[in-house]
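Take a look at the structure set out below.
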Amino acid sequence: MSDDATDPATRAFLAHRSLLFTVAYEMLGSAADAEDVLQETWLRWVKADQGQVRDQRAYLVRITARQALNRLRTMKRRREAYVGPWLPEPLLTTPDVAEDVELAESVSMALMLVLETLSPTERAVFVLREVFDAGYDEIAAAVDKSPAAVRQIAHRARRHVDSRRPRRVVSPGETEAVLESFQRALETGDPKDLLEVLAPEVVLVSDGGGVKHAALRPVAGAEKVARMFAGGIGKLEGRLTAEPTVVNGDPAFLVRLDGELDGVMAIRVEDARITGLYYVRNPEKLSHVASANPLTLR
């Protein structure tokens, strides 16, 4: 990217950078790949005839979506060979993300996993239409489909997501109390205390990527999940501590073993119980939890 921040093309790109990153991340579930897409977007943006661009935001979003869609098609094949469950790359998010209900839901681990069940084109259309409120003509240009086809894809994707969309979480105060209890139970490994905060239908998804030990399939049910934690989840060795944080707009813990970061565990709370645990241990996915990542829908 040019060092000349006074250059109009550079100013326009930087003004929309957080938006473009959010578009790419929601389509890909990978911050590293989203950054690569932004670099590709920049290279195409500076070659564009700026005088012919009527709406810079729409033009940049279109380039980003097109590059992300191309990458998503490649990633789909790569993920088929992934060892164990795949989870999105967790992002440490700023407080304003959690306060924005629409944005927080769109980047939540739970919804991102639902988006994984869509085809690449369906995901691109859903994200652009339902999350960023892009027009059908604009989406059609990004995905190389007719506006009529995009309408059909959007309807199909919306119906698919709505049938699987998780309910919204409880109040922040209630969530905080549950998290405090879970933190104590997690650090002590007491199965009785764990059972008190886990919902009967709780599901634990752990992602080690074949690099770190993790369950090869989701673990469902409070007793099974409690046994995993009580016995040392993922065969952890060392003193476990859990530091509260916020990733992807959801409450989470930075899990450390003897002071070293082992993984990030995002938490989903419903009706004063934990219903979802998303534990990312793959070290290749932990580079974006050291500092907050600005996300925006605008």
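Each chain of the structure tokens is named A, B, ... in the order shown, its residues numbered from 1; ligands are numbered from 1 in display order.
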
_Exercise: Val202 (chain A) partners within 8 Å, only C-alpha atoms, chain neighbours under 4 positions left out, as a count of residues only_ = 9

_Surrounding residues of region 80-96 of chain A excluding itself and chain neighbours under 5 positions, 9 Å, only C-alpha atoms, as a ChimeraX atom specification_ = /A:28-32,75,109,112-113,205-211,214-218,245-250,264-266,278-280,284-295

*Could you give me the residues within region 9-239 of chain A that DSSP places in strand (DSSP E), as a VMD selection string?*
chain A and resid 198 to 207 219 to 220

_Which residues are close to Val61 (chain A), i.e. within 9 Å by only C-alpha atoms, leaving aside same-chain residues fewer than 3 positions away? Reply as a ChimeraX atom specification._
/A:16,19-20,23,41,56-58,64-66,128,142

Please provide the set of residues having any atom within 9 Å of Trp42 (chain A), restricted to only C-alpha atoms, with same-chain residues fewer than 5 positions apart removed, written as a PDB file with all heavy atoms, in the first residue's frame.
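Result went into part_11.pdb, see below:
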ATOM      1  N   MET A   1       0.841  -1.196   0.000  1.00  0.00           N
ATOM      2  CA  MET A   1       0.000   0.000   0.000  1.00  0.00           C
ATOM      3  C   MET A   1       0.872   1.240   0.000  1.00  0.00           C
ATOM      4  O   MET A   1       1.923   1.264   0.622  1.00  0.00           O
ATOM      5  CB  MET A   1      -0.915   0.005   1.239  1.00  0.00           C
ATOM      6  CG  MET A   1      -1.953   1.122   1.242  1.00  0.00           C
ATOM      7  SD  MET A   1      -2.955   1.097   2.754  1.00  0.00           S
ATOM      8  CE  MET A   1      -3.665  -0.527   2.639  1.00  0.00           C
ATOM      9  N   THR A  10      -5.779   5.970  -1.559  1.00  0.00           N
ATOM     10  CA  THR A  10      -5.381   5.437  -0.249  1.00  0.00           C
ATOM     11  C   THR A  10      -6.354   5.865   0.830  1.00  0.00           C
ATOM     12  O   THR A  10      -6.764   5.052   1.673  1.00  0.00           O
ATOM     13  CB  THR A  10      -3.966   5.918   0.108  1.00  0.00           C
ATOM     14  OG1 THR A  10      -3.063   5.530  -0.919  1.00  0.00           O
ATOM     15  CG2 THR A  10      -3.506   5.346   1.441  1.00  0.00           C
ATOM     16  N   PHE A  13      -9.576   3.858   0.577  1.00  0.00           N
ATOM     17  CA  PHE A  13      -9.399   2.471   1.027  1.00  0.00           C
ATOM     18  C   PHE A  13      -9.310   2.405   2.548  1.00  0.00           C
ATOM     19  O   PHE A  13      -9.967   1.562   3.177  1.00  0.00           O
ATOM     20  CB  PHE A  13      -8.140   1.880   0.399  1.00  0.00           C
ATOM     21  CG  PHE A  13      -7.915   0.428   0.736  1.00  0.00           C
ATOM     22  CD1 PHE A  13      -8.548  -0.565   0.004  1.00  0.00           C
ATOM     23  CD2 PHE A  13      -7.097   0.062   1.789  1.00  0.00           C
ATOM     24  CE1 PHE A  13      -8.357  -1.910   0.315  1.00  0.00           C
ATOM     25  CE2 PHE A  13      -6.896  -1.274   2.101  1.00  0.00           C
ATOM     26  CZ  PHE A  13      -7.533  -2.263   1.368  1.00  0.00           C
ATOM     27  N   VAL A  37      -7.205 -11.147   1.355  1.00  0.00           N
ATOM     28  CA  VAL A  37      -8.213 -10.626   0.440  1.00  0.00           C
ATOM     29  C   VAL A  37      -8.133  -9.107   0.375  1.00  0.00           C
ATOM     30  O   VAL A  37      -8.264  -8.508  -0.706  1.00  0.00           O
ATOM     31  CB  VAL A  37      -9.625 -11.082   0.871  1.00  0.00           C
ATOM     32  CG1 VAL A  37     -10.708 -10.238   0.207  1.00  0.00           C
ATOM     33  CG2 VAL A  37      -9.831 -12.547   0.528  1.00  0.00           C
ATOM     34  N   LYS A  47      -5.613   0.148  -9.366  1.00  0.00           N
ATOM     35  CA  LYS A  47      -5.564   0.078 -10.829  1.00  0.00           C
ATOM     36  C   LYS A  47      -6.859   0.583 -11.466  1.00  0.00           C
ATOM     37  O   LYS A  47      -6.927   0.755 -12.685  1.00  0.00           O
ATOM     38  CB  LYS A  47      -5.319  -1.372 -11.268  1.00  0.00           C
ATOM     39  CG  LYS A  47      -3.936  -1.907 -10.893  1.00  0.00           C
ATOM     40  CD  LYS A  47      -3.793  -3.363 -11.310  1.00  0.00           C
ATOM     41  CE  LYS A  47      -2.430  -3.919 -10.907  1.00  0.00           C
ATOM     42  NZ  LYS A  47      -2.297  -5.370 -11.244  1.00  0.00           N
ATOM     43  N   LEU A  60     -15.625  -0.928  -3.597  1.00  0.00           N
ATOM     44  CA  LEU A  60     -14.658  -1.656  -2.780  1.00  0.00           C
ATOM     45  C   LEU A  60     -15.272  -2.928  -2.190  1.00  0.00           C
ATOM     46  O   LEU A  60     -14.615  -3.980  -2.129  1.00  0.00           O
ATOM     47  CB  LEU A  60     -14.130  -0.750  -1.665  1.00  0.00           C
ATOM     48  CG  LEU A  60     -13.078   0.276  -2.095  1.00  0.00           C
ATOM     49  CD1 LEU A  60     -12.929   1.368  -1.037  1.00  0.00           C
ATOM     50  CD2 LEU A  60     -11.739  -0.405  -2.354  1.00  0.00           C
ATOM     51  N   THR A  64     -13.964  -6.751  -2.852  1.00  0.00           N
ATOM     52  CA  THR A  64     -13.660  -7.595  -1.700  1.00  0.00           C
ATOM     53  C   THR A  64     -14.482  -8.877  -1.720  1.00  0.00           C
ATOM     54  O   THR A  64     -13.966  -9.980  -1.495  1.00  0.00           O
ATOM     55  CB  THR A  64     -13.924  -6.826  -0.388  1.00  0.00           C
ATOM     56  OG1 THR A  64     -13.106  -5.652  -0.354  1.00  0.00           O
ATOM     57  CG2 THR A  64     -13.618  -7.681   0.829  1.00  0.00           C
TER      58      THR A  64
END

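For Asp133 (chain A), the non-local neighbours within 10 Å, defined as residues at least 6 positions apart in the same chain or in other chains and counting only C-alpha atoms, are Phe126, Val127, Ile139, Leu297 and Arg298 of chain A.
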
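With CA of Leu72 (chain A) on one side and CA of Pro120 (chain A) on the other, the separation reads 6.1 Å.
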
*Mind listing the alpha helix (DSSP H) residues of region 72-176 of chain A, per DSSP on the backbone, as number ranges by chain?*
A: 72-80, 95-99, 101-107, 109-115, 120-126, 136-143, 147-164, 172-176

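Using only C-alpha atoms for every distance, the candidate list A:Gly189, A:Gly51, A:Pro283, A:Gly135 yields A:Gly189 as the residue closest to Ala242 (chain A).
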
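Distances from A:Arg273, A:Arg281, A:Arg227, A:His160 to Phe182 (chain A) were compared using only C-alpha atoms, and the smallest one belongs to A:Arg273.
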
_Just the number, please: distance in Å from CA of Arg79 (chain A) to CA of Ala34 (chain A), one decimal._
16.0 Å

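Remark: for Leu103 (chain A), the closest of the candidate residues A:Ala124, A:Ser181, A:Val131, A:His213 is A:Val131 (distances computed over only C-alpha atoms).
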